[in-house]
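Below is model-v1.cif, which holds mmCIF, C-alpha atoms and all ligand atoms.
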```
data_input
#
loop_
_atom_site.label_atom_id
_atom_site.label_comp_id
_atom_site.auth_asym_id
_atom_site.auth_seq_id
_atom_site.Cartn_x
_atom_site.Cartn_y
_atom_site.Cartn_z
CA MET A 1 -8.05 -8.75 -19.59
CA LYS A 2 -9.21 -10.17 -16.28
CA ARG A 3 -9.54 -7.88 -13.29
CA THR A 4 -9.85 -8.32 -9.55
CA TYR A 5 -11.58 -5.32 -8.01
CA SER A 6 -11.03 -3.98 -4.53
CA GLN A 7 -14.08 -2.28 -3.03
CA HIS A 8 -14.53 1.04 -1.26
CA TRP A 9 -15.52 0.84 2.37
CA LYS A 10 -16.94 3.27 4.93
CA ASP A 11 -13.57 4.93 5.59
CA TYR A 12 -12.06 4.75 2.08
CA GLU A 13 -13.32 5.97 -1.26
CA LEU A 14 -11.55 6.50 -4.57
CA ILE A 15 -13.69 9.42 -5.68
CA ASP A 16 -12.24 10.18 -9.10
CA ALA A 17 -9.06 9.68 -11.12
CA GLY A 18 -7.47 11.17 -14.22
CA ASN A 19 -4.81 13.60 -15.47
CA ASN A 20 -2.22 11.38 -13.72
CA LYS A 21 -3.80 11.96 -10.32
CA LYS A 22 -6.32 10.40 -7.96
CA LEU A 23 -8.84 11.95 -5.57
CA GLU A 24 -9.34 9.81 -2.46
CA ARG A 25 -11.27 10.04 0.81
CA TRP A 26 -9.72 8.59 3.96
CA GLY A 27 -12.34 8.92 6.67
CA LYS A 28 -13.13 12.64 6.58
CA ILE A 29 -9.90 13.72 4.85
CA ILE A 30 -9.73 14.00 1.05
CA THR A 31 -6.36 13.96 -0.74
CA ILE A 32 -5.03 14.45 -4.25
CA ARG A 33 -2.05 12.24 -5.14
CA PRO A 34 -0.11 11.57 -8.34
CA ASP A 35 -0.75 8.23 -10.08
CA ARG A 36 0.74 7.39 -13.46
CA ASN A 37 -1.96 4.78 -14.09
CA ALA A 38 -4.58 7.57 -14.18
CA TYR A 39 -3.55 8.52 -17.73
CA PHE A 40 -7.18 9.21 -18.80
CA THR A 41 -9.47 12.24 -18.36
CA PRO A 42 -11.21 12.58 -14.99
CA ILE A 43 -14.97 13.05 -14.66
CA LEU A 44 -14.87 15.94 -12.18
CA SER A 45 -13.21 19.27 -12.99
CA GLU A 46 -9.97 20.46 -11.39
CA LYS A 47 -12.02 23.08 -9.56
CA GLU A 48 -14.27 20.38 -8.08
CA TRP A 49 -11.23 18.33 -7.00
CA LYS A 50 -9.67 21.34 -5.26
CA GLN A 51 -12.96 22.25 -3.58
CA LYS A 52 -13.23 18.77 -2.11
CA ALA A 53 -9.62 18.04 -1.10
CA GLN A 54 -7.85 19.10 2.09
CA CYS A 55 -4.38 18.61 0.60
CA GLU A 56 -2.36 17.65 -2.47
CA PHE A 57 0.95 15.87 -2.86
CA VAL A 58 3.23 17.74 -5.24
CA GLU A 59 5.98 15.56 -6.68
CA ALA A 60 9.52 16.93 -6.65
CA THR A 61 11.35 13.86 -7.93
CA ASN A 62 10.00 10.45 -8.89
CA ASN A 63 9.92 9.25 -5.30
CA THR A 64 9.52 12.22 -3.00
CA GLY A 65 7.72 15.53 -2.80
CA THR A 66 5.73 17.75 -0.45
CA TRP A 67 2.15 17.96 0.78
CA VAL A 68 0.42 21.28 0.17
CA SER A 69 -2.64 22.33 2.15
CA LEU A 70 -5.73 23.34 0.19
CA LYS A 71 -7.84 24.32 3.22
CA LYS A 72 -7.18 26.86 5.98
CA ASP A 73 -8.36 24.44 8.69
CA PHE A 74 -5.90 21.77 7.51
CA PRO A 75 -2.47 23.29 8.19
CA ILE A 76 0.64 21.42 7.05
CA SER A 77 4.17 22.41 8.06
CA GLU A 78 7.34 20.66 9.20
CA THR A 79 6.10 20.82 12.78
CA GLU A 80 2.45 20.18 11.94
CA ILE A 81 2.06 16.97 9.93
CA PRO A 82 -1.58 15.88 10.05
CA ASN A 83 -2.29 12.37 11.33
CA TRP A 84 -5.60 10.60 11.91
CA GLN A 85 -7.12 7.12 12.07
CA ILE A 86 -9.39 5.12 9.80
CA ALA A 87 -10.84 1.65 10.27
CA TYR A 88 -11.31 -1.36 8.03
CA LYS A 89 -13.90 -3.48 9.85
CA GLU A 90 -12.24 -4.33 13.21
CA CYS A 91 -8.75 -3.10 12.16
CA VAL A 92 -7.62 0.45 12.91
CA PHE A 93 -4.93 2.20 10.86
CA ASN A 94 -2.96 5.29 11.84
CA LEU A 95 -2.49 7.52 8.81
CA LYS A 96 -0.09 10.37 8.20
CA LEU A 97 1.13 12.34 5.21
CA THR A 98 4.55 10.94 4.24
CA LYS A 99 7.12 12.48 1.93
CA PHE A 100 6.81 9.37 -0.27
CA LYS A 101 3.15 10.33 -1.06
CA HIS A 102 1.77 7.33 0.86
CA LEU A 103 -0.47 7.64 3.93
CA GLY A 104 0.12 4.32 5.66
CA ILE A 105 -2.13 1.86 3.89
CA PHE A 106 -2.60 0.60 0.38
CA PRO A 107 -6.42 0.50 0.04
CA GLU A 108 -6.19 -1.46 -3.22
CA GLN A 109 -5.27 -4.43 -1.00
CA GLN A 110 -8.88 -4.68 0.25
CA THR A 111 -9.66 -7.66 -2.00
CA ASN A 112 -6.63 -9.52 -0.62
CA TRP A 113 -7.70 -8.83 2.96
CA GLU A 114 -11.03 -10.53 2.22
CA PHE A 115 -9.30 -13.42 0.40
CA ILE A 116 -7.06 -13.97 3.45
CA LYS A 117 -10.03 -13.76 5.83
CA ASN A 118 -11.89 -16.41 3.85
CA ARG A 119 -8.96 -18.82 3.64
CA ILE A 120 -6.78 -18.60 6.72
CA GLN A 121 -7.85 -20.85 9.58
CA LYS A 122 -7.61 -20.24 13.30
CA ASP A 123 -4.06 -21.25 14.35
CA GLY A 124 -2.97 -21.40 10.67
CA LYS A 125 0.46 -19.90 10.06
CA PHE A 126 0.53 -16.72 8.00
CA LEU A 127 3.56 -14.87 6.59
CA ASN A 128 3.47 -11.27 5.37
CA LEU A 129 6.64 -10.36 3.42
CA PHE A 130 7.38 -6.69 2.55
CA ALA A 131 4.61 -6.19 5.06
CA TYR A 132 4.57 -2.35 5.41
CA THR A 133 2.15 -1.14 8.12
CA GLY A 134 0.43 -4.48 8.41
CA GLY A 135 -2.92 -4.42 6.62
CA ALA A 136 -2.77 -8.14 5.78
CA SER A 137 -1.14 -9.00 9.14
CA LEU A 138 -3.94 -7.39 11.16
CA VAL A 139 -6.65 -9.04 9.07
CA ALA A 140 -5.06 -12.52 9.43
CA ASN A 141 -4.63 -11.85 13.15
CA THR A 142 -8.38 -11.19 13.56
CA LYS A 143 -8.95 -14.78 12.37
CA GLY A 144 -6.69 -16.14 15.11
CA ALA A 145 -3.82 -17.06 12.75
CA ASP A 146 -0.20 -17.21 13.91
CA VAL A 147 1.12 -14.15 12.04
CA TYR A 148 4.73 -13.35 11.02
CA HIS A 149 5.21 -9.81 9.73
CA CYS A 150 8.52 -9.12 7.94
CA ASP A 151 9.77 -5.72 6.80
CA SER A 152 13.33 -4.39 6.58
CA VAL A 153 12.56 -0.86 7.81
CA LYS A 154 12.50 -0.31 11.58
CA GLN A 155 10.17 2.73 11.53
CA ILE A 156 7.70 0.79 9.38
CA ILE A 157 7.62 -2.08 11.88
CA SER A 158 6.95 0.46 14.67
CA TRP A 159 4.07 1.89 12.62
CA ALA A 160 2.63 -1.62 12.13
CA LYS A 161 2.91 -2.25 15.90
CA LEU A 162 1.02 0.98 16.57
CA ASN A 163 -1.74 -0.21 14.20
CA MET A 164 -1.93 -3.52 16.07
CA GLU A 165 -2.26 -1.69 19.40
CA SER A 166 -4.86 0.75 18.02
CA SER A 167 -6.82 -2.29 16.78
CA HIS A 168 -6.72 -3.80 20.32
CA GLN A 169 -4.91 -6.86 18.99
CA ASN A 170 -1.77 -8.67 20.09
CA GLY A 171 0.45 -11.62 19.26
CA ILE A 172 1.90 -10.68 15.84
CA HIS A 173 5.55 -11.80 15.46
CA TRP A 174 7.61 -8.82 14.24
CA VAL A 175 10.54 -9.67 11.96
CA LEU A 176 12.90 -6.81 11.13
CA ASP A 177 14.82 -8.45 8.29
CA ASP A 178 15.35 -8.60 4.57
CA ALA A 179 12.42 -10.58 3.16
CA LEU A 180 14.55 -12.91 1.01
CA LYS A 181 16.99 -13.52 3.85
CA PHE A 182 14.21 -14.30 6.32
CA ALA A 183 12.40 -16.57 3.85
CA SER A 184 15.67 -18.48 3.15
CA LYS A 185 16.23 -18.92 6.91
CA GLU A 186 12.68 -20.21 7.34
CA VAL A 187 13.23 -22.73 4.51
CA LYS A 188 16.40 -23.99 6.26
CA ARG A 189 14.47 -24.28 9.53
CA GLY A 190 11.87 -26.41 7.72
CA LYS A 191 9.02 -23.97 8.49
CA LYS A 192 5.69 -24.16 6.62
CA TYR A 193 2.99 -21.51 6.20
CA ASP A 194 -0.69 -21.90 5.33
CA GLY A 195 -0.80 -18.46 3.73
CA ILE A 196 1.84 -16.08 2.40
CA ILE A 197 1.37 -12.60 0.97
CA MET A 198 4.19 -10.64 -0.60
CA ASP A 199 4.06 -7.10 -1.85
CA PRO A 200 7.60 -6.40 -3.06
CA PRO A 201 8.48 -2.90 -4.26
CA ALA A 202 9.50 -2.50 -7.92
CA PHE A 203 12.95 -1.45 -6.65
CA GLY A 204 14.19 -3.00 -3.41
CA ILE A 205 17.19 -2.79 -1.14
CA GLY A 206 18.66 -6.15 -0.17
CA ALA A 207 20.31 -7.61 2.92
CA LYS A 208 23.73 -6.21 1.91
CA LYS A 209 22.23 -2.80 1.03
CA GLU A 210 22.43 -3.73 -2.65
CA ARG A 211 19.74 -2.37 -4.96
CA TRP A 212 17.59 -4.88 -6.86
CA LYS A 213 14.76 -4.82 -9.35
CA ILE A 214 11.69 -7.02 -8.91
CA GLU A 215 12.03 -8.46 -12.43
CA THR A 216 15.35 -10.07 -11.42
CA LYS A 217 14.34 -11.14 -7.89
CA PHE A 218 10.91 -12.50 -8.77
CA PRO A 219 11.94 -16.13 -9.58
CA GLU A 220 13.86 -16.41 -6.29
CA LEU A 221 10.91 -15.06 -4.30
CA VAL A 222 8.49 -17.50 -5.92
CA GLN A 223 10.87 -20.43 -5.42
CA LEU A 224 11.31 -19.59 -1.73
CA ALA A 225 7.54 -19.28 -1.30
CA SER A 226 7.02 -22.68 -2.98
CA LYS A 227 9.25 -24.25 -0.34
CA LEU A 228 7.42 -22.53 2.51
CA ILE A 229 3.79 -23.15 1.50
CA SER A 230 1.97 -26.06 3.14
CA ASP A 231 0.12 -28.55 0.87
CA LYS A 232 -3.20 -26.70 1.11
CA GLY A 233 -1.66 -23.24 1.55
CA PHE A 234 -2.16 -20.13 -0.58
CA LEU A 235 0.17 -17.46 -1.94
CA ILE A 236 -0.66 -13.89 -2.94
CA ILE A 237 1.86 -11.80 -4.89
CA ASN A 238 1.39 -8.16 -5.84
CA THR A 239 3.73 -6.73 -8.44
CA TYR A 240 3.67 -3.19 -9.72
CA SER A 241 6.46 -3.14 -12.29
CA PRO A 242 5.53 -2.74 -15.98
CA LYS A 243 8.85 -4.53 -16.64
CA LEU A 244 7.52 -7.73 -15.05
CA LYS A 245 5.09 -8.99 -17.70
CA GLU A 246 2.12 -11.27 -17.04
CA GLU A 247 3.63 -13.99 -19.27
CA VAL A 248 6.83 -14.07 -17.19
CA ILE A 249 4.84 -14.13 -13.94
CA LYS A 250 2.73 -17.01 -15.27
CA ASN A 251 5.68 -19.10 -16.46
CA THR A 252 7.60 -18.60 -13.22
CA VAL A 253 4.65 -19.39 -10.95
CA GLN A 254 3.67 -22.45 -13.03
CA LYS A 255 7.23 -23.75 -12.79
CA TYR A 256 7.26 -23.68 -8.98
CA PHE A 257 3.58 -24.51 -8.38
CA PRO A 258 2.75 -27.09 -11.08
CA LYS A 259 -0.15 -28.59 -9.14
CA LYS A 260 -1.91 -25.47 -7.82
CA ASN A 261 -4.56 -23.16 -9.26
CA ILE A 262 -3.03 -19.94 -10.53
CA GLU A 263 -4.92 -16.70 -11.15
CA ILE A 264 -3.23 -13.59 -12.54
CA ASN A 265 -5.45 -10.52 -12.78
CA LYS A 266 -5.09 -6.76 -12.96
CA LEU A 267 -5.66 -5.40 -9.47
CA SER A 268 -8.18 -2.57 -9.99
CA LEU A 269 -10.44 -0.11 -8.21
CA LYS A 270 -13.46 1.70 -9.65
CA THR A 271 -13.82 5.38 -8.83
CA THR A 272 -17.16 6.65 -7.52
CA THR A 273 -17.39 8.53 -10.83
CA GLY A 274 -17.05 5.25 -12.79
CA LYS A 275 -13.41 5.23 -13.97
CA ILE A 276 -11.18 2.15 -13.58
CA LEU A 277 -7.74 2.54 -12.01
CA GLU A 278 -5.17 -0.28 -12.22
CA TYR A 279 -2.60 -1.17 -9.56
CA GLY A 280 -0.41 -3.81 -11.22
CA GLU A 281 -0.60 -7.59 -11.37
CA LEU A 282 -2.23 -9.64 -8.65
CA THR A 283 -1.23 -13.31 -8.61
CA ARG A 284 -3.04 -15.85 -6.44
CA VAL A 285 -1.91 -19.44 -6.05
CA TYR A 286 -4.08 -21.90 -4.11
C1 LIG B 301 4.75 -1.80 -1.40
S1 LIG B 301 5.07 -1.77 0.34
C2 LIG B 301 4.02 -3.07 0.85
C3 LIG B 301 2.58 -2.69 1.15
C4 LIG B 301 1.78 -3.66 2.05
N1 LIG B 301 1.71 -4.98 1.50
C5 LIG B 301 0.37 -3.16 2.38
O1 LIG B 301 -0.57 -3.41 1.65
O2 LIG B 301 0.22 -2.48 3.38
C6 LIG B 301 6.71 -2.39 0.37
C7 LIG B 301 7.33 -2.62 1.74
O3 LIG B 301 8.50 -3.43 1.58
C8 LIG B 301 9.50 -3.02 2.49
N2 LIG B 301 10.79 -3.49 1.94
C9 LIG B 301 11.52 -2.97 0.92
N3 LIG B 301 12.60 -3.75 0.67
C10 LIG B 301 12.52 -4.80 1.53
C11 LIG B 301 13.33 -5.96 1.75
N4 LIG B 301 14.42 -6.20 1.03
N5 LIG B 301 12.94 -6.83 2.71
C12 LIG B 301 11.82 -6.61 3.46
N6 LIG B 301 11.03 -5.53 3.30
C13 LIG B 301 11.37 -4.64 2.35
C14 LIG B 301 9.34 -1.53 2.61
O4 LIG B 301 9.84 -1.08 3.86
C15 LIG B 301 7.79 -1.39 2.51
O5 LIG B 301 7.22 -1.39 3.78
#
```
Kindly return the structure encoded in the file as structure tokens.
Ligand SMILES: C[S@@+](CC[C@H](N)C(=O)[O-])C[C@H]1O[C@@H](n2cnc3c(N)ncnc32)[C@H](O)[C@@H]1O
Amino acid sequence: MKRTYSQHWKDYELIDAGNNKKLERWGKIITIRPDRNAYFTPILSEKEWKQKAQCEFVEATNNTGTWVSLKKDFPISETEIPNWQIAYKECVFNLKLTKFKHLGIFPEQQTNWEFIKNRIQKDGKFLNLFAYTGGASLVANTKGADVYHCDSVKQIISWAKLNMESSHQNGIHWVLDDALKFASKEVKRGKKYDGIIMDPPAFGIGAKKERWKIETKFPELVQLASKLISDKGFLIINTYSPKLKEEVIKNTVQKYFPKKNIEINKLSLKTTTGKILEYGELTRVY
């Protein structure tokens, strides 16, 4: 199995993983979060994890839960939700503890940020679909690209804008829209992009509030991207659903990009203690 590894950086470290959890450092704050991919045994003991971490996310249902403080000097309540900043090179991200267990960035994307940096040209057009708080958008913006950031959730776009301001950047085009709807409109307008990244959730909500699964929407997303990519452009697709198999990804991408190089690897991160954690399939077309 081929892997693409993301690396730790000064403000992010995956310290250990196991027992369906991960221990991560975000700047000075250490968290414990559930992760089904950490099905193995961790290296450090539970006692060591709890000694290190400021807080732990305790799952109530599959999608939501609550953050519990593990340190007196790190209070968490409805009125006191901790927030802080971390940096990735010149980009600054505002983090907070959300009820969906996320903190505001997906650090496993680090390898994609470097891929984008190496390939996008100044004034090249870059499209970030399902763009969340803008990791890839900010990175492409530092290279002087013309960046379009599309997400269907208003509060998420506001969060991405805050990250842009904290990073002392400007000029990103904010698109509050359904990703498929926006991509279809761009195809009709005859737009082309030199780089596209898409990070669709396993379960999405569409333009008409209908629920969809990535395994059924994937071909349409790839087809739309194939119409939007310029001749020398690149496409990055992250998929996290075990129901979307590598073989299906490969066949679909080959169908719409018969002349391009295609790489499909397991997106992975190594813990400081030496374990390997997987984050789904990473597809690159260039
Ligand atoms: C997995 S996150 C993306 C993470 C991001 N690529 C990063 O690394 O920071 C998925 C994002 O897709 C957005 N989203 C969900 N359904 C959508 C849709 N139909 N159209 C556009 N965005 C959507 C969510 O609001 C969320 O921000």
Figure out the distance between atom CA of A:Lys213 and atom CA of A:Trp159, please, to one decimal in Å.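 According to the coordinates, atom CA of A:Trp159 and atom CA of A:Lys213 are separated by 25.3 Å.
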Which is closest to ligand LIG 301 (chain B) among A:Gln85, A:Thr283, A:Ser137, A:Gln169, if we use all atoms listed in the file? A:Ser137
A:Arg119 environment, 10 Å, only C-alpha atoms, sequence neighbours closer than 5 positions dropped, as a list in words: Glu114, Gly124, Ala140, Lys143, Asp194, Gly195, Gly233, Phe234 and Tyr286 of chain A
So which residues are near ligand LIG 301 (chain B), meaning at most 10 Å away with all atoms listed in the file counted, given back as a PyMOL selection string? chain A and resi 102+104-110+112-113+128-137+149-157+159-160+175-183+197-212+237-240
Point out the residue among A:Glu278, A:Glu24, A:Glu56, A:Glu220 with the least atom-to-atom distance to A:Tyr256, counting only C-alpha atoms. A:Glu220
